[in-house]
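A short worksheet on the structure shown next.
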Protein chains: 2
Amino acid sequence: MYRTHTCGELRLEQKGQTVTLAGWVQKARKMGAMSFIDLRDRYGITQLRVDETCPEEVSKIAAGLGREYVLQATGVVEERQSKNARIPTGDIEIRLTGLKILNAAQTPPFTIEDESDGGEELRAKYRYLDLRRNPLKNALMLRHRMAHEVRNYLDDKGFLEIETPFLIKSTPEGARDFVVPSRMNPGEFYALPQSPQTFKQLLMVAGYDRYFQIVRCFRDEDLRADRQPEFTQIDCEMSFVEQEDVLNLFEGMMRHLFKSVINVDIPEKLTRMSWYDAMDNYGSDKPDIRFGMKIHEITSLVQGKGFSVFDSVEYVGAISVPGAAQYTRKQIDELTEWVKRPQVGAKGLVSIRVGADGIKSSVDKFYTSEDLAAVVEAVEAKTGDLVLVLCGAKRKAQTMLGVLRLEMGNRLGLRDPHVYAPLWVVDFPLLEWDDETQRFYAMHHPFTAPKPEHLELFYSDKKEDLERVCANAYDFVLNGTELGGGSIRIHEADVQSRMFEVLGISKEDADYKFGFIINAFKFGAPPHGGLAFGFDRVCALFGGQETIRDYIAFPKNNVGRDVMLDAPSRIDDVQMDELYLRSTAPVK
Amino acid sequence: MYRTHTCGELRLEQKGQTVTLAGWVQKARKMGAMSFIDLRDRYGITQLRVDETCPEEVSKIAAGLGREYVLQATGVVEERQSKNARIPTGDIEIRLTGLKILNAAQTPPFTIEDESDGGEELRAKYRYLDLRRNPLKNALMLRHRMAHEVRNYLDDKGFLEIETPFLIKSTPEGARDFVVPSRMNPGEFYALPQSPQTFKQLLMVAGYDRYFQIVRCFRDEDLRADRQPEFTQIDCEMSFVEQEDVLNLFEGMMRHLFKSVINVDIPEKLTRMSWYDAMDNYGSDKPDIRFGMKIHEITSLVQGKGFSVFDSVEYVGAISVPGAAQYTRKQIDELTEWVKRPQVGAKGLVSIRVGADGIKSSVDKFYTSEDLAAVVEAVEAKTGDLVLVLCGAKRKAQTMLGVLRLEMGNRLGLRDPHVYAPLWVVDFPLLEWDDETQRFYAMHHPFTAPKPEHLELFYSDKKEDLERVCANAYDFVLNGTELGGGSIRIHEADVQSRMFEVLGISKEDADYKFGFIINAFKFGAPPHGGLAFGFDRVCALFGGQETIRDYIAFPKNNVGRDVMLDAPSRIDDVQMDELYLRSTAPVK
């Protein structure tokens, strides 16, 4: 061992002891005849003192140090003259008797401080230096703790962590697979798993009863902001359970994580909000319930008064923004432009000011003050509030109102990342109708079970009936973000056949695409269900951050490149030949 | 929940309680007016009884059951008439009041018993059924427990589990990489990691101090028996440590695993055997020390006596096989043929019988009885033993003797898989000379540090000096199998340069192949070292098995195929086009 203690553990109790530390130079400074070195390791920072009592050799070495040099330092623990209350070791310093440079360091291209002066690109290239900074170190330590507590909790509940393969079979459904050419099977490819979905269902067929895995998954998508081509899931499945069993167990897990990792208490029993309520009240299937500002439908209140915009739409809805009545014309114009951007997609915005001097709106010429008062009452606006109204097709208008609501929540500072408001969204529709292809799609996946009480509807031939079928599907939502989701699966052959029929998948097609799992289900599949959490995002949200990149040790950029490694890259012709491949890519 | 209890937990204490179980029909049998069903789940087997007191509906359902049907059964816990001491629930049975078929099952293509009647191929195709059998279930449960205890131990020691990327850069050195074409970066490929070696070293540069990961690795090799293209490692690295720190910590981990998982005590301090001693005494760098039968060099005793075979070789060595003096001529001929197979490669075998009636050898005409007595004494043979002698170039002859020794150990039953004899092999040579290419290769990898006391030799120009340089490298060996290995790494730039020089790697070449890690090391690399264990094999050996396949939920066969999934497979032209690829494989 190069050290007797870490840089984070010495206190006044060790005063007088001779100790050896090892770490990196955070800072070295000279003050008259003395010099001080802040020595850093993963565990903290300890101040080293060099003065006239130190061996000459030590002073000489100390004079030549640069940032990030790696040192081994021996000395005596002494009480500091001027203490530093901001660090746990701030009461002591080490008066050096020995000092050795274990490794010199070039000056890093950016500062290794909580707030670095390096740009994103530069820090990505030198990720190993960026990782020295506290925010990233704390992120990865939180991630370790989270994973460990997930495993403790699930192990305690009898779950087995079972590793599933990474080199699997490509399936034509869903997002794009990454594929891996097989040298030993010329012309053939493995696929990297988008999730272990089929394997965990096979494990239930195999009787494993309670399975989990913290596992890497892969998706070859055009990357949107804050998506990664490889990501980590907490993947779980249970047998002989109903929906409520799954929800209870995993909200128990989340409660354990909140308490054990960040010491936050969440409610004894989380809200289960139906998808319909979530859409109606929050305009989102992942509602942020840290704040109110709920959406209210006012269609019947505003139609038939001669305002053709409202008269011609399916739905009119509004939110009441607390204390925003003093918004200026300019601010409202800006908001109107904001909702008209393609990301929101509204045609316009109607506003109603609830001032101390009365109610004023941008549509005063169509509505009497009684009309407006009725709207104000319906949306539970109080004096000083600003009512914002959008309209359109029902779900679309609600979604726009939901986006506007989040924006107003941000502007009013109602979305503190260290306030945690988790809930379950349940009762999702089983099927989504697609107008373009004129067919139903599975909202989750084709193995999700309809609710038993909706089985009759599920066998109906009418589109309206099928649209009303709810799934035993559920999402875990935190602060406006979906952290996980899952469902009770179909385990009965005839229900599964009906599902394929509804989705317009022929028996031949189903056999081709899902053959081995359909086959497996013939040999005694138990009732089962499960869910998966997006682990990167769970960690980020627990850390109070929106972006996942800091919670991944070596992330890719938004075109899927690792700029530190400079990957992906070309491979040589010999390897291409071995894989029976030719590239048709344009030569750069 | 479909059940109140599992099939493994009911005892006489629950007598009289009404319970509900769910599981699979292991066996259903009729005995006169009564019938019995063995209901199985992951936790055990419980006997269900159907008699004249049961509702008619129950009897009707019970009469139609087949193997592996999935049932939900309700009834009263009663004491059995004839108890079954072999299972924990053997004192009770459930007299049924309700019975429901949750799912019917086709008759499985092989029996779901500890010893199945299914062949390997068939069981692989229906892996989800094979996984229902106890030996496989116990293997995966052991694996879960092992992983969990590894994590508990390392977390307790301050290690952080940090996930490293799977989509990385292909490196031209070492075994063949699996590659992944990048759609977003046309013509370029990611590689799947053969190990996280560079990442863990970067994490040390980043100051993470103690890292581990239980992680999948990939190697596109021509598969030898019992190798898998994807395999799992326990990967670890530590900073500011010397070799002895690493050995102590990880033998602590293994001790914890032995005790907590299979309740085996291993010695307080494991043997550290030098590579030289291992080769000299056991003819292997992974000696099985469960039994003696050590190799003894007898070159000087047998040369110069006119036996030209021995006179012309570098080395003559022997083992003494206890109690084998009564081997017949035929048996010895068979052994001679055995060592002459290409897998061993000996030219012949000399044997010396140490009988009660004196010492007899196959080379009596060259050696006096005093000569032979001296050999017998040197190899510590006792009356009744058989001395077997091989010769050749030193290391080659030792290796052959090592293989023969293991074979004799097997034949004599000295290699009980439930006896565990772990040790460390240390002091490996740093470099291996390759006659063909007339250059040195790194025995572990080019980042392995020479022993500090051999630094002078390391800078010598003489081949003989360089061959004598030992590495700070170590292997963890159990029962003749290498379970893990690692080294202290080079952290000083000039030692690393010298290493490349010795290996004949030019500066340009080194920069191209190892550029980003060499660069990282310029910014303050701490002294560090680590190791990795082959987790699949660790699990298999703890389970007392030689093959790893049963310890992997969904393994590949020996041409890298998953016969259940039928992967790898062809992908469609659209996807090939998106990846800018054409296949040149012959059309099947």
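So you can find residues: chains in the structure tokens are A, B, ... in the order shown, residues in each start at 1, and ligands are numbered from 1 in order.
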Please tabulate, as CSV, the residues of chain A that come within 6 Å of chain B, each with its closest pair of atoms and the distance in Å to one decimal, counting only C-alpha atoms and ordering rows by chain, then residue number upward.
residue,atom,partner,partner_atom,distance
A:Met1,CA,B:Val241,CA,4.6
A:Tyr2,CA,B:Phe240,CA,5.1
A:Arg42,CA,B:Tyr208,CA,5.9
A:Glu68,CA,B:Gly524,CA,5.9
A:Tyr69,CA,B:Gly524,CA,5.5
A:Val70,CA,B:Gly524,CA,5.6
A:Asn103,CA,B:Gly524,CA,5.7
A:Ala104,CA,B:Gly524,CA,5.9
A:Ala105,CA,B:Phe523,CA,4.3
A:Gln106,CA,B:Phe523,CA,5.2
A:Tyr128,CA,B:Ala206,CA,4.9
A:Leu129,CA,B:Ala206,CA,5.8
A:Leu131,CA,B:Ala206,CA,5.7
A:Arg132,CA,B:Ala206,CA,5.1
A:His144,CA,B:Glu161,CA,5.5
A:Leu160,CA,B:His144,CA,5.9
A:Glu161,CA,B:His144,CA,5.5
A:Lys169,CA,B:Ala567,CA,4.9
A:Val179,CA,B:Val180,CA,6.0
A:Val180,CA,B:Val180,CA,5.0
A:Pro186,CA,B:Ala585,CA,5.4
A:Gly187,CA,B:Ala585,CA,5.0
A:Glu188,CA,B:Arg570,CA,4.5
A:Phe189,CA,B:Pro568,CA,4.9
A:Tyr190,CA,B:Pro568,CA,4.5
A:Leu202,CA,B:Tyr128,CA,5.9
A:Ala206,CA,B:Tyr128,CA,4.9
A:Gly207,CA,B:Arg42,CA,5.9
A:Tyr208,CA,B:Arg42,CA,5.9
A:Phe240,CA,B:Tyr2,CA,5.1
A:Val241,CA,B:Met1,CA,4.6
A:Glu242,CA,B:Met1,CA,5.8
A:Lys522,CA,B:Ala105,CA,5.6
A:Phe523,CA,B:Ala105,CA,4.3
A:Gly524,CA,B:Ala105,CA,4.5
A:Ala567,CA,B:Lys169,CA,4.9
A:Pro568,CA,B:Tyr190,CA,4.5
A:Ser569,CA,B:Glu188,CA,4.6
A:Arg570,CA,B:Glu188,CA,4.6
A:Tyr580,CA,B:Thr584,CA,4.8
A:Leu581,CA,B:Ser583,CA,4.8
A:Arg582,CA,B:Arg582,CA,5.1
A:Ser583,CA,B:Leu581,CA,4.7
A:Thr584,CA,B:Tyr580,CA,4.8
A:Ala585,CA,B:Gly187,CA,5.0
**Message:** DSSP on the backbone, strand (DSSP E) only: what residues of stretch 452-523 of chain B does that give? Format it as number ranges by chain.
**Reply:** B: 473-478, 481-488
Keeping only all heavy atoms, write the selected residues to a file as an mmCIF file, in the first residue's frame.
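Below is the file that was written, out.cif:
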data_model
loop_
_atom_site.group_PDB
_atom_site.id
_atom_site.type_symbol
_atom_site.label_atom_id
_atom_site.label_comp_id
_atom_site.auth_asym_id
_atom_site.auth_seq_id
_atom_site.Cartn_x
_atom_site.Cartn_y
_atom_site.Cartn_z
ATOM 1 N N ALA B 473 2.777 -10.133 -11.931
ATOM 2 C CA ALA B 473 1.544 -10.706 -12.467
ATOM 3 C C ALA B 473 1.193 -11.935 -11.649
ATOM 4 O O ALA B 473 2.076 -12.546 -11.033
ATOM 5 C CB ALA B 473 1.728 -11.091 -13.933
ATOM 6 N N TYR B 474 -0.075 -12.248 -11.620
ATOM 7 C CA TYR B 474 -0.530 -13.319 -10.723
ATOM 8 C C TYR B 474 -1.797 -13.959 -11.280
ATOM 9 O O TYR B 474 -2.608 -13.324 -11.935
ATOM 10 C CB TYR B 474 -0.823 -12.749 -9.326
ATOM 11 C CG TYR B 474 -1.312 -11.318 -9.365
ATOM 12 C CD1 TYR B 474 -2.642 -11.015 -9.657
ATOM 13 C CD2 TYR B 474 -0.426 -10.255 -9.192
ATOM 14 C CE1 TYR B 474 -3.086 -9.711 -9.745
ATOM 15 C CE2 TYR B 474 -0.862 -8.939 -9.287
ATOM 16 C CZ TYR B 474 -2.194 -8.681 -9.563
ATOM 17 O OH TYR B 474 -2.633 -7.377 -9.661
ATOM 18 N N ASP B 475 -1.930 -15.241 -11.018
ATOM 19 C CA ASP B 475 -3.127 -15.987 -11.411
ATOM 20 C C ASP B 475 -3.735 -16.635 -10.173
ATOM 21 O O ASP B 475 -3.004 -17.155 -9.324
ATOM 22 C CB ASP B 475 -2.774 -17.094 -12.409
ATOM 23 C CG ASP B 475 -2.676 -16.588 -13.843
ATOM 24 O OD1 ASP B 475 -2.956 -15.389 -14.078
ATOM 25 O OD2 ASP B 475 -2.318 -17.393 -14.719
ATOM 26 N N PHE B 476 -5.052 -16.611 -10.109
ATOM 27 C CA PHE B 476 -5.743 -17.368 -9.064
ATOM 28 C C PHE B 476 -6.131 -18.706 -9.663
ATOM 29 O O PHE B 476 -6.828 -18.774 -10.670
ATOM 30 C CB PHE B 476 -6.988 -16.612 -8.598
ATOM 31 C CG PHE B 476 -7.673 -17.268 -7.428
ATOM 32 C CD1 PHE B 476 -7.337 -16.908 -6.134
ATOM 33 C CD2 PHE B 476 -8.634 -18.245 -7.618
ATOM 34 C CE1 PHE B 476 -7.964 -17.510 -5.036
ATOM 35 C CE2 PHE B 476 -9.260 -18.854 -6.527
ATOM 36 C CZ PHE B 476 -8.923 -18.486 -5.230
ATOM 37 N N VAL B 477 -5.642 -19.777 -9.024
ATOM 38 C CA VAL B 477 -5.808 -21.119 -9.576
ATOM 39 C C VAL B 477 -6.592 -21.986 -8.593
ATOM 40 O O VAL B 477 -6.341 -21.948 -7.391
ATOM 41 C CB VAL B 477 -4.423 -21.742 -9.865
ATOM 42 C CG1 VAL B 477 -4.552 -23.211 -10.263
ATOM 43 C CG2 VAL B 477 -3.704 -20.949 -10.950
ATOM 44 N N LEU B 478 -7.562 -22.709 -9.124
ATOM 45 C CA LEU B 478 -8.341 -23.625 -8.285
ATOM 46 C C LEU B 478 -8.427 -24.978 -8.976
ATOM 47 O O LEU B 478 -8.929 -25.076 -10.103
ATOM 48 C CB LEU B 478 -9.752 -23.062 -8.057
ATOM 49 C CG LEU B 478 -10.717 -23.961 -7.280
ATOM 50 C CD1 LEU B 478 -10.247 -24.156 -5.842
ATOM 51 C CD2 LEU B 478 -12.127 -23.368 -7.297
ATOM 52 N N THR B 481 -7.449 -25.289 -12.550
ATOM 53 C CA THR B 481 -8.057 -24.347 -13.482
ATOM 54 C C THR B 481 -7.676 -22.927 -13.092
ATOM 55 O O THR B 481 -7.728 -22.569 -11.919
ATOM 56 C CB THR B 481 -9.589 -24.484 -13.460
ATOM 57 O OG1 THR B 481 -9.943 -25.812 -13.855
ATOM 58 C CG2 THR B 481 -10.251 -23.489 -14.399
ATOM 59 N N GLU B 482 -7.307 -22.114 -14.077
ATOM 60 C CA GLU B 482 -7.057 -20.705 -13.811
ATOM 61 C C GLU B 482 -8.400 -20.004 -13.761
ATOM 62 O O GLU B 482 -9.115 -19.948 -14.751
ATOM 63 C CB GLU B 482 -6.187 -20.115 -14.927
ATOM 64 C CG GLU B 482 -5.888 -18.642 -14.721
ATOM 65 C CD GLU B 482 -5.840 -17.873 -16.019
ATOM 66 O OE1 GLU B 482 -5.289 -18.378 -16.997
ATOM 67 O OE2 GLU B 482 -6.380 -16.744 -16.047
ATOM 68 N N LEU B 483 -8.735 -19.460 -12.609
ATOM 69 C CA LEU B 483 -10.020 -18.770 -12.477
ATOM 70 C C LEU B 483 -9.898 -17.278 -12.704
ATOM 71 O O LEU B 483 -10.892 -16.604 -12.971
ATOM 72 C CB LEU B 483 -10.623 -19.010 -11.090
ATOM 73 C CG LEU B 483 -11.146 -20.416 -10.825
ATOM 74 C CD1 LEU B 483 -11.840 -20.463 -9.480
ATOM 75 C CD2 LEU B 483 -12.116 -20.839 -11.930
ATOM 76 N N GLY B 484 -8.684 -16.775 -12.550
ATOM 77 C CA GLY B 484 -8.526 -15.336 -12.724
ATOM 78 C C GLY B 484 -7.074 -14.978 -12.776
ATOM 79 O O GLY B 484 -6.197 -15.795 -12.465
ATOM 80 N N GLY B 485 -6.809 -13.758 -13.197
ATOM 81 C CA GLY B 485 -5.436 -13.316 -13.245
ATOM 82 C C GLY B 485 -5.359 -11.828 -13.437
ATOM 83 O O GLY B 485 -6.347 -11.192 -13.823
ATOM 84 N N GLY B 486 -4.184 -11.299 -13.151
ATOM 85 C CA GLY B 486 -4.025 -9.869 -13.329
ATOM 86 C C GLY B 486 -2.596 -9.468 -13.087
ATOM 87 O O GLY B 486 -1.699 -10.317 -13.046
ATOM 88 N N SER B 487 -2.401 -8.186 -12.923
ATOM 89 C CA SER B 487 -1.034 -7.689 -12.747
ATOM 90 C C SER B 487 -1.035 -6.295 -12.161
ATOM 91 O O SER B 487 -2.057 -5.614 -12.171
ATOM 92 C CB SER B 487 -0.304 -7.672 -14.089
ATOM 93 O OG SER B 487 -0.920 -6.761 -14.981
ATOM 94 N N ILE B 488 0.134 -5.913 -11.648
ATOM 95 C CA ILE B 488 0.393 -4.513 -11.389
ATOM 96 C C ILE B 488 0.763 -3.906 -12.735
ATOM 97 O O ILE B 488 1.513 -4.516 -13.508
ATOM 98 C CB ILE B 488 1.544 -4.350 -10.366
ATOM 99 C CG1 ILE B 488 1.159 -4.997 -9.030
ATOM 100 C CG2 ILE B 488 1.923 -2.879 -10.208
ATOM 101 C CD1 ILE B 488 -0.018 -4.349 -8.323
#
**Message:** Which residues are near B:Val339? Cut-off 8 Å, only C-alpha atoms, ignore same chain within fewer than 4 positions. Put them as a list in words.
**Reply:**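 Those residues are Leu335, Val344, Gly345, Ala346, Lys347, Gly348, Leu349, Met400 and Leu404 of chain B.
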Any chance you could export the current selection's N, CA and C atoms as a tab-separated table (two decimals), in the first residue's frame?
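Ended up saving to selection-v7.tsv:
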chain	number	residue	atom	x	y	z
B	335	LEU	N	-0.99	-46.74	-21.25
B	335	LEU	CA	-0.52	-45.43	-20.78
B	335	LEU	C	0.51	-44.85	-21.75
B	344	VAL	N	-0.77	-34.96	-25.92
B	344	VAL	CA	0.31	-34.94	-24.92
B	344	VAL	C	1.63	-34.76	-25.65
B	345	GLY	N	1.92	-35.63	-26.58
B	345	GLY	CA	3.06	-35.40	-27.46
B	345	GLY	C	4.38	-36.01	-27.02
B	346	ALA	N	4.34	-36.98	-26.10
B	346	ALA	CA	5.59	-37.62	-25.67
B	346	ALA	C	6.05	-38.62	-26.72
B	347	LYS	N	7.36	-38.89	-26.71
B	347	LYS	CA	7.88	-39.87	-27.66
B	347	LYS	C	7.76	-41.28	-27.11
B	348	GLY	N	7.78	-41.38	-25.77
B	348	GLY	CA	7.68	-42.69	-25.14
B	348	GLY	C	7.58	-42.51	-23.64
B	349	LEU	N	7.44	-43.63	-22.95
B	349	LEU	CA	7.26	-43.56	-21.50
B	349	LEU	C	8.12	-44.65	-20.86
B	400	MET	N	4.32	-32.11	-20.25
B	400	MET	CA	3.79	-33.46	-20.52
B	400	MET	C	3.62	-34.24	-19.22
B	404	LEU	N	0.22	-35.85	-17.63
B	404	LEU	CA	0.19	-37.24	-17.17
B	404	LEU	C	-0.22	-37.31	-15.69
**Message:** Considering only alpha helix (DSSP H) as DSSP defines it on the backbone, what residues of stretch 84-283 of chain A qualify? List them as an MDAnalysis selection string.
**Reply:** chainID A and resid 120:125 127:130 134:156 197:205 243:262 275:282
**Prompt:** Hey, can you check how far atom CA of B:Trp338 sits from atom CA of B:Thr547?
**Reply:**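 Taking atom CA of B:Trp338 and atom CA of B:Thr547, their separation equals 23.1 Å.
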